[in-house]
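Data from protein30.cif: mmCIF, C-alpha atoms
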```
data_data
loop_
_atom_site.label_atom_id
_atom_site.label_comp_id
_atom_site.auth_asym_id
_atom_site.auth_seq_id
_atom_site.Cartn_x
_atom_site.Cartn_y
_atom_site.Cartn_z
CA MET A 30 11.82 -18.26 12.76
CA ASP A 31 10.89 -21.67 14.09
CA PRO A 32 11.48 -22.56 17.73
CA ASP A 33 13.61 -25.37 16.33
CA GLU A 34 15.95 -22.82 14.77
CA VAL A 35 16.25 -21.02 18.07
CA GLU A 36 17.02 -24.35 19.65
CA PHE A 37 19.71 -24.86 17.04
CA TRP A 38 21.38 -21.59 18.06
CA GLY A 39 21.01 -22.48 21.69
CA GLU A 40 22.74 -25.78 21.14
CA LYS A 41 25.94 -23.94 20.36
CA SER A 42 26.35 -22.63 23.88
CA PRO A 43 29.24 -24.28 25.71
CA ILE A 44 28.80 -26.58 28.67
CA GLN A 45 31.12 -28.58 30.87
CA ILE A 46 31.23 -32.33 30.70
CA VAL A 47 33.23 -35.06 32.39
CA PRO A 48 34.03 -37.57 29.69
CA THR A 49 34.40 -41.26 30.45
CA PHE A 50 36.60 -42.00 27.46
CA ASN A 51 39.88 -40.91 25.92
CA SER A 52 40.06 -39.32 22.52
CA PRO A 53 42.22 -36.81 20.69
CA ALA A 54 40.64 -33.53 19.65
CA ILE A 55 37.99 -33.70 16.95
CA TYR A 56 38.24 -30.98 14.32
CA LEU A 57 34.88 -29.69 13.14
CA ILE A 58 33.88 -26.78 10.93
CA GLY A 59 32.35 -25.00 13.88
CA GLY A 60 35.47 -25.40 16.01
CA ASP A 61 37.55 -28.06 17.65
CA VAL A 62 36.15 -30.34 20.29
CA GLY A 63 38.25 -32.05 22.89
CA PRO A 64 40.74 -33.59 23.44
CA PHE A 65 38.91 -35.83 25.87
CA ARG A 66 40.58 -37.44 28.85
CA ALA A 67 38.50 -39.60 31.08
CA THR A 68 37.47 -37.83 34.33
CA ILE A 69 39.05 -34.53 33.27
CA PRO A 70 36.29 -31.92 32.75
CA CYS A 71 36.22 -30.05 29.46
CA ARG A 72 33.98 -27.58 27.66
CA VAL A 73 32.04 -28.60 24.57
CA PRO A 74 29.00 -27.24 22.74
CA LEU A 75 25.67 -28.36 24.15
CA TRP A 76 24.83 -30.54 21.18
CA VAL A 77 28.07 -32.49 21.52
CA ALA A 78 27.43 -32.94 25.21
CA LEU A 79 23.95 -34.28 24.62
CA SER A 80 25.08 -36.60 21.89
CA LEU A 81 27.87 -38.02 24.09
CA LYS A 82 25.49 -38.28 27.01
CA ARG A 83 23.05 -40.26 24.92
CA GLN A 84 25.81 -42.77 24.20
CA GLN A 85 26.80 -42.66 27.86
CA TYR A 86 30.25 -41.32 27.11
CA CYS A 87 30.09 -38.47 29.56
CA LYS A 88 28.50 -36.89 32.56
CA ILE A 89 27.18 -33.36 32.09
CA ILE A 90 27.91 -30.73 34.69
CA PRO A 91 24.84 -28.49 34.63
CA PRO A 92 25.43 -24.73 34.34
CA GLU A 93 25.75 -22.91 37.64
CA TRP A 94 22.41 -21.21 37.39
CA MET A 95 20.55 -24.49 37.02
CA ASP A 96 20.18 -24.84 40.71
CA VAL A 97 17.11 -24.54 42.87
CA ASP A 98 18.34 -21.68 45.05
CA THR A 99 19.59 -19.48 42.19
CA LEU A 100 16.43 -20.05 40.24
CA THR A 101 14.18 -19.37 43.20
CA GLU A 102 15.95 -16.06 43.68
CA LEU A 103 15.52 -15.29 39.98
CA ARG A 104 11.86 -16.10 40.17
CA ARG A 105 11.47 -13.78 43.12
CA GLN A 106 13.19 -10.94 41.26
CA GLU A 107 11.12 -11.60 38.18
CA LYS A 108 7.93 -11.33 40.17
CA ALA A 109 9.10 -8.22 41.97
CA ALA A 110 9.94 -6.39 38.75
CA SER A 111 6.45 -5.84 37.48
CA SER A 112 7.19 -3.88 34.35
CA SER A 113 10.69 -4.88 33.33
CA PHE A 114 12.50 -8.11 32.67
CA VAL A 115 15.26 -9.52 34.80
CA LYS A 116 18.48 -10.50 33.11
CA MET A 117 18.54 -14.23 32.64
CA PRO A 118 21.74 -16.11 33.42
CA SER A 119 21.85 -17.47 29.91
CA GLU A 120 20.70 -16.13 26.57
CA HIS A 121 19.16 -19.53 25.89
CA TYR A 122 17.96 -20.53 29.33
CA MET A 123 14.79 -22.11 28.02
CA VAL A 124 16.59 -24.21 25.40
CA GLU A 125 19.25 -25.30 27.84
CA ALA A 126 16.73 -26.16 30.50
CA LYS A 127 14.60 -28.11 28.11
CA LEU A 128 17.44 -30.07 26.56
CA LEU A 129 19.32 -30.79 29.77
CA LEU A 130 16.27 -31.72 31.78
CA GLY A 131 15.18 -33.91 28.93
CA GLY A 132 18.38 -35.59 27.90
CA ALA A 133 20.38 -35.49 31.07
CA ALA A 134 17.93 -35.18 33.94
CA ASP A 135 19.99 -37.54 36.09
CA ASP A 136 22.90 -35.09 36.04
CA VAL A 137 20.83 -32.15 37.29
CA PRO A 138 20.28 -32.17 41.04
CA ARG A 139 16.61 -31.82 42.01
CA ALA A 140 15.63 -31.82 38.38
CA ASP A 141 11.89 -31.83 39.06
CA GLU A 142 12.04 -28.70 41.14
CA VAL A 143 14.27 -26.99 38.60
CA LYS A 144 11.78 -27.88 35.90
CA THR A 145 8.94 -26.31 37.80
CA ILE A 146 10.77 -23.13 38.63
CA VAL A 147 12.03 -22.60 35.07
CA LYS A 148 8.52 -23.04 33.79
CA ASP A 149 7.27 -20.57 36.38
CA ILE A 150 9.81 -17.99 35.29
CA TRP A 151 8.95 -18.56 31.64
CA ASP A 152 5.22 -18.19 32.27
CA ASN A 153 5.75 -15.05 34.27
CA ARG A 154 7.90 -13.48 31.57
CA MET A 155 5.50 -14.43 28.82
CA ALA A 156 2.61 -12.87 30.72
CA LYS A 157 4.58 -9.64 31.14
CA LEU A 158 5.55 -9.69 27.50
CA ARG A 159 1.96 -10.03 26.40
CA SER A 160 0.70 -7.21 28.53
CA SER A 161 3.51 -4.91 27.47
CA MET A 162 2.83 -5.72 23.80
CA ASP A 163 -0.79 -4.83 24.33
CA SER A 164 -0.07 -1.54 26.05
CA MET A 165 2.48 -0.66 23.39
CA ILE A 166 -0.07 -1.07 20.60
CA ARG A 167 -2.84 0.54 22.58
CA ASN A 168 -0.86 3.65 23.42
CA SER A 169 0.73 3.80 19.97
CA SER A 170 4.14 3.95 21.57
CA MET A 171 7.01 4.59 19.24
CA TYR A 172 9.30 2.02 20.75
CA ALA A 173 9.47 -0.59 23.45
CA ALA A 174 12.43 -1.58 25.56
CA VAL A 175 13.09 -5.28 25.23
CA ASP A 176 16.17 -5.45 27.42
CA ASN A 177 17.05 -8.84 28.80
CA LEU A 178 14.62 -10.75 26.66
CA THR A 179 16.04 -13.98 25.36
CA LEU A 180 15.90 -15.06 21.75
CA MET A 181 13.15 -17.59 22.34
CA GLU A 182 10.99 -14.97 24.00
CA ILE A 183 11.52 -12.41 21.29
CA ASN A 184 10.75 -15.07 18.76
CA SER A 185 7.45 -15.80 20.45
CA VAL A 186 6.05 -12.36 19.57
CA ARG A 187 6.89 -12.89 15.94
CA PRO A 188 5.27 -12.62 13.52
CA ILE A 189 2.15 -11.21 15.14
CA LEU A 190 3.67 -8.03 16.54
CA PRO A 191 5.64 -6.95 13.44
CA HIS A 192 2.60 -7.59 11.28
CA ALA A 193 0.31 -5.61 13.50
CA LEU A 194 2.79 -2.73 13.56
CA ASN A 195 3.14 -2.82 9.79
CA GLN A 196 -0.58 -2.64 9.33
CA LEU A 197 -0.83 0.21 11.80
CA TYR A 198 1.87 2.02 9.88
CA ARG A 199 -0.04 1.51 6.65
CA MET A 200 -3.19 2.90 8.20
CA LYS A 201 -1.34 5.96 9.39
CA MET A 202 0.34 6.53 6.05
CA VAL A 203 -2.84 6.79 4.00
CA LYS A 204 -3.96 9.61 6.15
CA ARG A 205 -5.34 12.47 4.21
CA GLY A 206 -6.05 11.99 0.58
CA LEU A 207 -8.60 14.61 -0.26
CA SER A 208 -8.00 17.29 2.29
CA GLN A 209 -4.46 17.87 1.13
CA GLY A 210 -5.41 17.51 -2.47
CA SER A 211 -2.62 15.07 -3.12
CA ALA A 212 -2.96 11.71 -4.73
CA THR A 213 -2.00 9.49 -1.83
CA LEU A 214 -3.78 6.55 -3.31
CA THR A 215 -1.34 6.00 -6.11
CA HIS A 216 -1.19 2.30 -5.41
CA THR A 217 -4.60 1.67 -6.96
CA ARG A 218 -5.36 0.29 -10.36
CA THR A 219 -3.60 3.11 -12.13
CA ALA A 220 -0.16 2.29 -10.82
CA VAL A 221 1.45 -1.09 -11.25
CA SER A 222 3.92 -1.99 -8.60
CA PHE A 223 5.36 -5.37 -7.88
CA THR A 224 6.21 -4.98 -4.24
CA GLY A 225 5.18 -7.34 -1.51
CA SER A 226 3.33 -10.36 -2.71
CA MET B 16 8.54 -16.97 7.96
CA SER B 17 7.77 -14.61 5.16
CA LEU B 18 6.65 -11.10 5.74
CA GLN B 19 4.04 -11.32 3.04
CA LEU B 20 1.43 -9.75 5.22
CA SER B 21 3.11 -6.42 5.40
CA TYR B 22 2.03 -5.84 1.87
CA GLN B 23 1.11 -2.66 0.18
CA PRO B 24 -1.83 -3.34 -2.08
CA ASN B 25 -0.66 -3.69 -5.65
CA TYR B 26 -2.23 -4.17 -9.01
CA TYR B 27 -2.73 -7.88 -8.51
CA SER B 28 -3.81 -7.82 -4.88
CA ILE B 29 -7.06 -9.77 -4.74
CA ASP B 30 -7.90 -8.33 -1.35
CA ASP B 31 -7.53 -4.85 -2.68
CA ILE B 32 -9.73 -5.62 -5.68
CA LEU B 33 -12.42 -7.13 -3.50
CA ALA B 34 -12.27 -4.33 -0.98
CA SER B 35 -12.52 -1.58 -3.57
CA GLN B 36 -15.49 -3.33 -5.18
CA GLU B 37 -17.70 -2.09 -2.38
CA ARG B 38 -20.24 0.53 -3.42
CA VAL B 39 -20.48 3.94 -1.83
CA PRO B 40 -23.38 6.31 -2.16
CA CYS B 41 -22.49 9.45 -4.07
CA LYS B 42 -24.00 12.35 -5.83
CA VAL B 43 -23.25 13.28 -9.42
CA LEU B 44 -22.05 16.87 -9.69
CA GLN B 45 -21.87 17.31 -13.44
CA ASN B 46 -23.70 15.89 -16.41
CA VAL B 47 -21.87 12.80 -17.53
CA LEU B 48 -22.46 12.20 -21.20
CA GLY B 49 -23.04 8.71 -22.51
CA MET B 50 -22.71 7.00 -19.16
CA GLY B 51 -26.37 6.28 -18.58
CA LYS B 52 -25.49 2.67 -17.87
CA LEU B 53 -24.12 3.75 -14.52
CA ASN B 54 -27.66 4.36 -13.39
CA PRO B 55 -29.59 1.14 -13.97
CA SER B 56 -32.85 2.64 -12.77
CA ALA B 57 -33.07 5.23 -15.58
CA GLU B 58 -33.29 4.77 -19.30
CA ASP B 59 -31.45 7.97 -20.18
CA LYS B 60 -28.32 8.04 -22.21
CA ASP B 61 -26.58 10.52 -19.95
CA VAL B 62 -26.31 10.82 -16.19
CA LYS B 63 -27.63 14.17 -15.07
CA ALA B 64 -26.09 16.33 -12.38
CA GLY B 65 -27.79 15.78 -9.04
CA THR B 66 -28.49 12.09 -9.53
CA GLU B 67 -27.71 9.91 -6.55
CA LEU B 68 -25.87 6.72 -7.37
CA GLU B 69 -24.05 3.90 -5.66
CA LEU B 70 -20.71 3.44 -7.32
CA PRO B 71 -17.79 1.13 -6.60
CA VAL B 72 -15.16 2.77 -4.50
CA TRP B 73 -12.35 2.30 -7.03
CA LEU B 74 -14.21 4.43 -9.51
CA VAL B 75 -14.99 7.18 -7.06
CA ALA B 76 -11.55 7.20 -5.45
CA SER B 77 -9.72 7.55 -8.73
CA ASP B 78 -12.10 10.31 -9.77
CA CYS B 79 -11.33 12.21 -6.60
CA SER B 80 -7.60 11.78 -6.59
CA ILE B 81 -6.75 12.96 -10.06
CA GLY B 82 -7.04 16.59 -9.09
CA ARG B 83 -9.35 17.87 -11.76
CA GLN B 84 -12.84 19.02 -11.01
CA PRO B 85 -14.59 16.09 -9.35
CA ILE B 86 -17.58 14.48 -11.01
CA PHE B 87 -18.86 12.65 -7.97
CA ALA B 88 -19.37 13.78 -4.41
CA PRO B 89 -19.01 10.60 -2.37
CA GLU B 90 -20.54 10.02 1.03
CA LEU B 91 -19.36 7.67 3.73
CA PRO B 92 -20.83 4.18 3.72
CA LYS B 93 -23.01 3.73 6.75
CA ILE B 94 -20.59 1.55 8.68
CA TYR B 95 -18.18 4.48 8.91
CA LYS B 96 -20.83 6.98 9.90
CA GLU B 97 -21.35 8.54 13.28
CA ALA B 98 -23.73 5.90 14.66
CA TYR B 99 -21.43 3.02 13.86
CA ARG B 100 -18.41 4.95 15.01
CA GLU B 101 -20.07 5.32 18.39
CA ILE B 102 -20.50 1.56 18.60
CA LEU B 103 -16.84 1.04 17.87
CA LYS B 104 -15.83 3.69 20.35
CA ALA B 105 -17.91 2.09 23.08
CA ASP B 106 -16.26 -1.31 22.81
CA ALA B 107 -14.53 -2.32 19.65
CA THR B 108 -13.76 -5.80 20.92
CA ALA B 109 -17.41 -6.76 21.23
CA VAL B 110 -18.18 -5.95 17.62
CA ASP B 111 -18.54 -8.54 14.88
CA LEU B 112 -16.32 -6.71 12.43
CA HIS B 113 -16.77 -9.34 9.81
CA LYS B 114 -20.43 -8.42 9.60
CA PHE B 115 -19.64 -4.73 9.29
CA ASN B 116 -17.54 -5.38 6.25
CA VAL B 117 -15.24 -8.23 5.31
CA TYR B 118 -12.57 -5.69 4.45
CA PHE B 119 -13.25 -3.16 7.15
CA TYR B 120 -9.76 -1.67 7.25
CA GLU B 121 -9.02 -1.85 3.53
CA LEU B 122 -12.25 -0.17 2.63
CA GLY B 123 -11.74 2.25 5.45
CA ALA B 124 -8.42 3.29 3.95
CA TYR B 125 -10.28 4.30 0.81
CA VAL B 126 -13.32 5.96 2.28
CA LYS B 127 -11.44 7.95 4.85
CA GLN B 128 -10.44 10.18 1.98
CA PHE B 129 -14.04 11.22 1.62
CA ASP B 130 -14.10 12.27 5.23
CA ARG B 131 -12.76 15.73 5.78
CA LYS B 132 -12.80 15.59 9.56
CA ASP B 133 -10.48 12.59 9.88
CA ASP B 134 -12.94 10.83 12.16
CA VAL B 135 -12.75 7.68 10.08
CA HIS B 136 -8.98 7.71 10.30
CA ALA B 137 -9.20 7.95 14.07
CA ILE B 138 -11.78 5.22 14.39
CA LEU B 139 -9.80 2.81 12.21
CA LEU B 140 -6.75 3.24 14.40
CA HIS B 141 -8.82 3.01 17.54
CA THR B 142 -10.52 -0.17 16.38
CA PHE B 143 -7.30 -1.85 15.42
CA THR B 144 -5.40 -0.96 18.55
CA THR B 145 -8.19 -2.03 20.89
CA ARG B 146 -8.82 -5.25 19.05
CA PHE B 147 -5.17 -6.19 18.91
CA ARG B 148 -5.34 -7.73 22.38
CA LEU B 149 -8.31 -9.80 21.25
CA ILE B 150 -6.49 -11.08 18.18
CA MET B 151 -3.40 -11.85 20.21
CA ASP B 152 -5.37 -13.71 22.86
CA LEU B 153 -7.18 -15.73 20.25
CA ALA B 154 -3.96 -16.56 18.47
CA HIS B 155 -2.27 -17.63 21.65
CA ASN B 156 -5.00 -19.61 23.24
CA SER B 157 -7.42 -21.14 20.84
CA GLU B 158 -6.85 -24.65 19.70
CA SER B 159 -7.57 -25.30 16.09
CA ASN B 160 -11.07 -23.99 16.36
CA PRO B 161 -12.18 -22.36 13.13
CA THR B 162 -15.10 -20.51 14.69
CA VAL B 163 -12.97 -18.07 16.65
CA GLU B 164 -11.97 -16.10 13.63
CA GLN B 165 -15.50 -15.47 12.49
CA LYS B 166 -15.70 -12.09 14.14
CA LEU B 167 -12.48 -10.84 12.58
CA ASP B 168 -12.16 -8.93 9.38
CA MET B 169 -9.80 -10.24 6.70
CA LEU B 170 -6.79 -8.22 7.77
CA GLU B 171 -7.21 -9.32 11.37
CA ARG B 172 -7.73 -12.88 10.27
CA ARG B 173 -4.43 -13.00 8.53
CA ILE B 174 -2.63 -11.62 11.53
CA TYR B 175 -4.48 -14.14 13.67
CA ARG B 176 -3.55 -17.03 11.40
CA VAL B 177 0.18 -16.38 11.32
CA GLY B 178 0.18 -15.69 15.04
CA HIS B 179 -1.71 -18.87 15.69
CA SER B 180 0.52 -21.09 13.61
CA ALA B 181 3.62 -19.63 15.24
CA ARG B 182 2.14 -20.27 18.66
CA VAL B 183 1.28 -23.85 17.78
CA LYS B 184 4.89 -24.38 16.76
CA LEU B 185 6.15 -22.91 20.01
CA ASN B 186 3.80 -25.04 22.07
CA SER B 187 4.76 -28.20 20.27
CA TRP B 188 8.40 -27.31 20.78
CA LEU B 189 7.79 -26.93 24.49
CA LEU B 190 6.08 -30.29 24.58
CA GLU B 191 8.08 -32.41 22.22
CA SER B 192 10.52 -35.20 23.03
CA GLY B 193 8.91 -35.92 26.36
CA VAL B 194 10.70 -33.02 27.97
CA GLN B 195 7.87 -31.24 29.58
CA LEU B 196 8.50 -28.32 31.76
CA GLN B 197 5.56 -28.42 34.06
CA ALA B 198 3.98 -25.75 36.13
CA ALA B 199 3.66 -26.52 39.78
CA ASN B 200 0.58 -28.52 40.68
CA MET B 201 -0.31 -25.90 43.17
CA VAL B 202 -0.48 -23.28 40.46
CA THR B 203 -2.65 -25.43 38.23
CA ASN B 204 -4.94 -26.45 41.03
CA HIS B 205 -5.48 -23.01 42.45
CA ARG B 206 -6.10 -21.48 39.06
CA LYS B 207 -3.78 -18.75 40.11
CA ARG B 208 -2.59 -18.18 36.64
CA LYS B 209 -5.14 -16.55 34.43
CA ARG B 210 -4.27 -18.58 31.43
CA VAL B 211 -3.90 -22.21 32.23
CA ASP B 212 -3.09 -23.85 28.99
CA ASP B 213 -4.18 -27.40 29.61
CA ASP B 214 -2.02 -28.72 26.82
CA LEU B 215 1.08 -27.61 28.58
CA PHE B 216 0.32 -29.30 31.83
CA ASN B 217 -0.54 -32.85 31.03
#
```
Could you quickly redo this structure as structure tokens?
Amino acid sequence: MDPDEVEFWGEKSPIQIVPTFNSPAIYLIGGDVGPFRATIPCRVPLWVALSLKRQQYCKIIPPEWMDVDTLTELRRQEKAASSSFVKMPSEHYMVEAKLLLGGAADDVPRADEVKTIVKDIWDNRMAKLRSSMDSMIRNSSMYAAVDNLTLMEINSVRPILPHALNQLYRMKMVKRGLSQGSATLTHTRTAVSFTGS
Amino acid sequence: MSLQLSYQPNYYSIDDILASQERVPCKVLQNVLGMGKLNPSAEDKDVKAGTELELPVWLVASDCSIGRQPIFAPELPKIYKEAYREILKADATAVDLHKFNVYFYELGAYVKQFDRKDDVHAILLHTFTTRFRLIMDLAHNSESNPTVEQKLDMLERRIYRVGHSARVKLNSWLLESGVQLQAANMVTNHRKRKRVDDDLFN
């Protein structure tokens, strides 16, 4: 899956805006948006918010967690938990942070600091993820707990981890050919199979 | 992204054909009539029992797996023998696997059937699991530098390539549209983080 696809999913998450225009509700396939009354806050999907913001039709109210104190606390917890992941306030925190800080930085208080802290948290989580992937492969663990990982993070270990695990599985499957006297190697020239490629 | 790499070798798998082309030393156990051509160094019409030959692994493997009395007694190629196994055990990440054999794992899957002690099986798993970190680090950190994959065998290379292209996509996503999430200057300056990806902090 491309990061852009993950971004697409993330853009569906709702966010509060304060519109500066009046409009009846707009009916879309994905759900209704609006109605909009100037200065009355309402909830819309992120992509609508960004599009309106770009045309200067609204002011975005950043999500509660996008605040220096909350994020600093999160960063502290993330660092303290050396082997597990802390639950993030949003399933798409990275997408939201990136889009909001990019398209609506003037609506986020202390945007520069927020940027830095989010990036810190992301780096920290990625580092943990990498080392836990390594130890999982190295110890041939049967499973790994991926609680609290967000979609973007899970997506970042694809496709390298599934491929490596598949290959490991293959190696383990062709274990004993001769010693058990069975024809494990049936995939060779003698058998035609059209799987895979 | 397709899962093509999780293939099982099939009839048309080029990798499998190339890997099983490799020759293994083996001893002929019975007289083989009319197959003198197998032994290019002798003029005889037949291959006599006791001759030592190097035969492609596909021939030997199918001979062994059918279940009738075997004609050939294969030996391990030298890269899977004790001495080389010790090298891999010492530090698999330092080894130039591509020089060992281009299809180290594929060939290994064949020849481990000639090994009754399962040492080859163990060393293949050991090599792969220890080198996984190396592949992952390369995939995540190298810029488009073609020399990094030179030490990897074909199977590792493919894992590296998909991993690398996915990582490039992620990095460009993080960077695109001028929305850069930057690490603190302090972090970059102090080199506190082991992996400072310069691209991300410009």
Interatomic distance, CA of Asp111 (chain B) to CA of Thr144 (chain B) (Å, one decimal):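 It comes out at 15.6 Å.
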Polymer residues at most 12 Å from region 163-176 of chain B, all atoms listed in the file, same-chain spacing of 6 or more positions, as a PyMOL selection string: (chain A and resi 186-197+199-200) or (chain B and resi 18-22+29-31+33-34+107-123+142-144+146-157+182-183)
Restricted to C-alpha atoms, what would the selected residues look like written as a PDB file, keeping the file's coordinate frame?
```pdb
ATOM      1  CA  VAL A 186       6.050 -12.360  19.570  1.00  0.00           C
ATOM      2  CA  ARG A 187       6.890 -12.890  15.940  1.00  0.00           C
ATOM      3  CA  PRO A 188       5.270 -12.620  13.520  1.00  0.00           C
ATOM      4  CA  ILE A 189       2.150 -11.210  15.140  1.00  0.00           C
ATOM      5  CA  LEU A 190       3.670  -8.030  16.540  1.00  0.00           C
ATOM      6  CA  PRO A 191       5.640  -6.950  13.440  1.00  0.00           C
ATOM      7  CA  HIS A 192       2.600  -7.590  11.280  1.00  0.00           C
ATOM      8  CA  ALA A 193       0.310  -5.610  13.500  1.00  0.00           C
ATOM      9  CA  LEU A 194       2.790  -2.730  13.560  1.00  0.00           C
ATOM     10  CA  ASN A 195       3.140  -2.820   9.790  1.00  0.00           C
ATOM     11  CA  GLN A 196      -0.580  -2.640   9.330  1.00  0.00           C
ATOM     12  CA  LEU A 197      -0.830   0.210  11.800  1.00  0.00           C
ATOM     13  CA  ARG A 199      -0.040   1.510   6.650  1.00  0.00           C
ATOM     14  CA  MET A 200      -3.190   2.900   8.200  1.00  0.00           C
TER      15      MET A 200
ATOM     16  CA  LEU B  18       6.650 -11.100   5.740  1.00  0.00           C
ATOM     17  CA  GLN B  19       4.040 -11.320   3.040  1.00  0.00           C
ATOM     18  CA  LEU B  20       1.430  -9.750   5.220  1.00  0.00           C
ATOM     19  CA  SER B  21       3.110  -6.420   5.400  1.00  0.00           C
ATOM     20  CA  TYR B  22       2.030  -5.840   1.870  1.00  0.00           C
ATOM     21  CA  ILE B  29      -7.060  -9.770  -4.740  1.00  0.00           C
ATOM     22  CA  ASP B  30      -7.900  -8.330  -1.350  1.00  0.00           C
ATOM     23  CA  ASP B  31      -7.530  -4.850  -2.680  1.00  0.00           C
ATOM     24  CA  LEU B  33     -12.420  -7.130  -3.500  1.00  0.00           C
ATOM     25  CA  ALA B  34     -12.270  -4.330  -0.980  1.00  0.00           C
ATOM     26  CA  ALA B 107     -14.530  -2.320  19.650  1.00  0.00           C
ATOM     27  CA  THR B 108     -13.760  -5.800  20.920  1.00  0.00           C
ATOM     28  CA  ALA B 109     -17.410  -6.760  21.230  1.00  0.00           C
ATOM     29  CA  VAL B 110     -18.180  -5.950  17.620  1.00  0.00           C
ATOM     30  CA  ASP B 111     -18.540  -8.540  14.880  1.00  0.00           C
ATOM     31  CA  LEU B 112     -16.320  -6.710  12.430  1.00  0.00           C
ATOM     32  CA  HIS B 113     -16.770  -9.340   9.810  1.00  0.00           C
ATOM     33  CA  LYS B 114     -20.430  -8.420   9.600  1.00  0.00           C
ATOM     34  CA  PHE B 115     -19.640  -4.730   9.290  1.00  0.00           C
ATOM     35  CA  ASN B 116     -17.540  -5.380   6.250  1.00  0.00           C
ATOM     36  CA  VAL B 117     -15.240  -8.230   5.310  1.00  0.00           C
ATOM     37  CA  TYR B 118     -12.570  -5.690   4.450  1.00  0.00           C
ATOM     38  CA  PHE B 119     -13.250  -3.160   7.150  1.00  0.00           C
ATOM     39  CA  TYR B 120      -9.760  -1.670   7.250  1.00  0.00           C
ATOM     40  CA  GLU B 121      -9.020  -1.850   3.530  1.00  0.00           C
ATOM     41  CA  LEU B 122     -12.250  -0.170   2.630  1.00  0.00           C
ATOM     42  CA  GLY B 123     -11.740   2.250   5.450  1.00  0.00           C
ATOM     43  CA  THR B 142     -10.520  -0.170  16.380  1.00  0.00           C
ATOM     44  CA  PHE B 143      -7.300  -1.850  15.420  1.00  0.00           C
ATOM     45  CA  THR B 144      -5.400  -0.960  18.550  1.00  0.00           C
ATOM     46  CA  ARG B 146      -8.820  -5.250  19.050  1.00  0.00           C
ATOM     47  CA  PHE B 147      -5.170  -6.190  18.910  1.00  0.00           C
ATOM     48  CA  ARG B 148      -5.340  -7.730  22.380  1.00  0.00           C
ATOM     49  CA  LEU B 149      -8.310  -9.800  21.250  1.00  0.00           C
ATOM     50  CA  ILE B 150      -6.490 -11.080  18.180  1.00  0.00           C
ATOM     51  CA  MET B 151      -3.400 -11.850  20.210  1.00  0.00           C
ATOM     52  CA  ASP B 152      -5.370 -13.710  22.860  1.00  0.00           C
ATOM     53  CA  LEU B 153      -7.180 -15.730  20.250  1.00  0.00           C
ATOM     54  CA  ALA B 154      -3.960 -16.560  18.470  1.00  0.00           C
ATOM     55  CA  HIS B 155      -2.270 -17.630  21.650  1.00  0.00           C
ATOM     56  CA  ASN B 156      -5.000 -19.610  23.240  1.00  0.00           C
ATOM     57  CA  SER B 157      -7.420 -21.140  20.840  1.00  0.00           C
ATOM     58  CA  ARG B 182       2.140 -20.270  18.660  1.00  0.00           C
ATOM     59  CA  VAL B 183       1.280 -23.850  17.780  1.00  0.00           C
TER      60      VAL B 183
END
```
Ground truth for the PyMOL selection byres ((chain A and resi 95) around 12), written as number ranges by chain: A: 44, 90-94, 96-103, 117-119, 122-123, 125-127, 129-130, 134, 136-147
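Residue neighbourhood of Ala133 (chain A), excluding near-sequence residues (fewer than 5 positions): Leu79, Lys82, Arg83, Lys88, Ile89 and Leu128 of chain A, at 9 Å, using all atoms listed in the file.
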All residues 7 Å or closer to Cys41 (chain B), all atoms listed in the file, same chain fewer than 5 positions away omitted, as a list in words: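 Here the qualifying residues turn out to be Glu67, Leu68, Glu69, Phe87, Ala88, Pro89 and Glu90 of chain B.
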For CA of Leu91 (chain B) and CA of Pro55 (chain B), the interatomic separation in Å (one decimal): 21.5 Å
Residue members of the PyMOL selection byres ((chain A and resi 38) around 12) in the file shown, as a list in words: Met30, Asp31, Pro32, Asp33, Glu34, Val35, Glu36, Phe37, Gly39, Glu40, Lys41, Ser42, Pro43, Pro74, Leu75, Trp76, Glu120, His121, Tyr122, Met123, Val124, Glu125, Thr179, Leu180 and Met181 of chain A
Atom pair CA of Glu101 (chain B) / CA of Ser170 (chain A): separation (Å): 24.5 Å
Counting all atoms listed in the file, the option among B:Leu53, B:Asp106, B:Ile94, B:Lys132 closest to chain A: B:Lys132
Please produce region 122-128 of chain A, completed to N, CA and C atoms, as a JSON list (two decimals), in the coordinates of the input.
```json
[["chain", "number", "residue", "atom", "x", "y", "z"],
["A", 122, "TYR", "N", 18.26, -19.73, 28.14],
["A", 122, "TYR", "CA", 17.96, -20.53, 29.33],
["A", 122, "TYR", "C", 16.89, -21.57, 29.07],
["A", 123, "MET", "N", 15.91, -21.19, 28.25],
["A", 123, "MET", "CA", 14.79, -22.11, 28.02],
["A", 123, "MET", "C", 15.27, -23.34, 27.23],
["A", 124, "VAL", "N", 16.08, -23.10, 26.21],
["A", 124, "VAL", "CA", 16.59, -24.21, 25.40],
["A", 124, "VAL", "C", 17.45, -25.12, 26.25],
["A", 125, "GLU", "N", 18.36, -24.49, 27.02],
["A", 125, "GLU", "CA", 19.25, -25.30, 27.84],
["A", 125, "GLU", "C", 18.47, -26.11, 28.87],
["A", 126, "ALA", "N", 17.51, -25.45, 29.50],
["A", 126, "ALA", "CA", 16.73, -26.16, 30.50],
["A", 126, "ALA", "C", 16.00, -27.33, 29.87],
["A", 127, "LYS", "N", 15.40, -27.06, 28.74],
["A", 127, "LYS", "CA", 14.60, -28.11, 28.11],
["A", 127, "LYS", "C", 15.48, -29.30, 27.69],
["A", 128, "LEU", "N", 16.60, -28.99, 27.06],
["A", 128, "LEU", "CA", 17.44, -30.07, 26.56],
["A", 128, "LEU", "C", 18.10, -30.85, 27.70]]
```
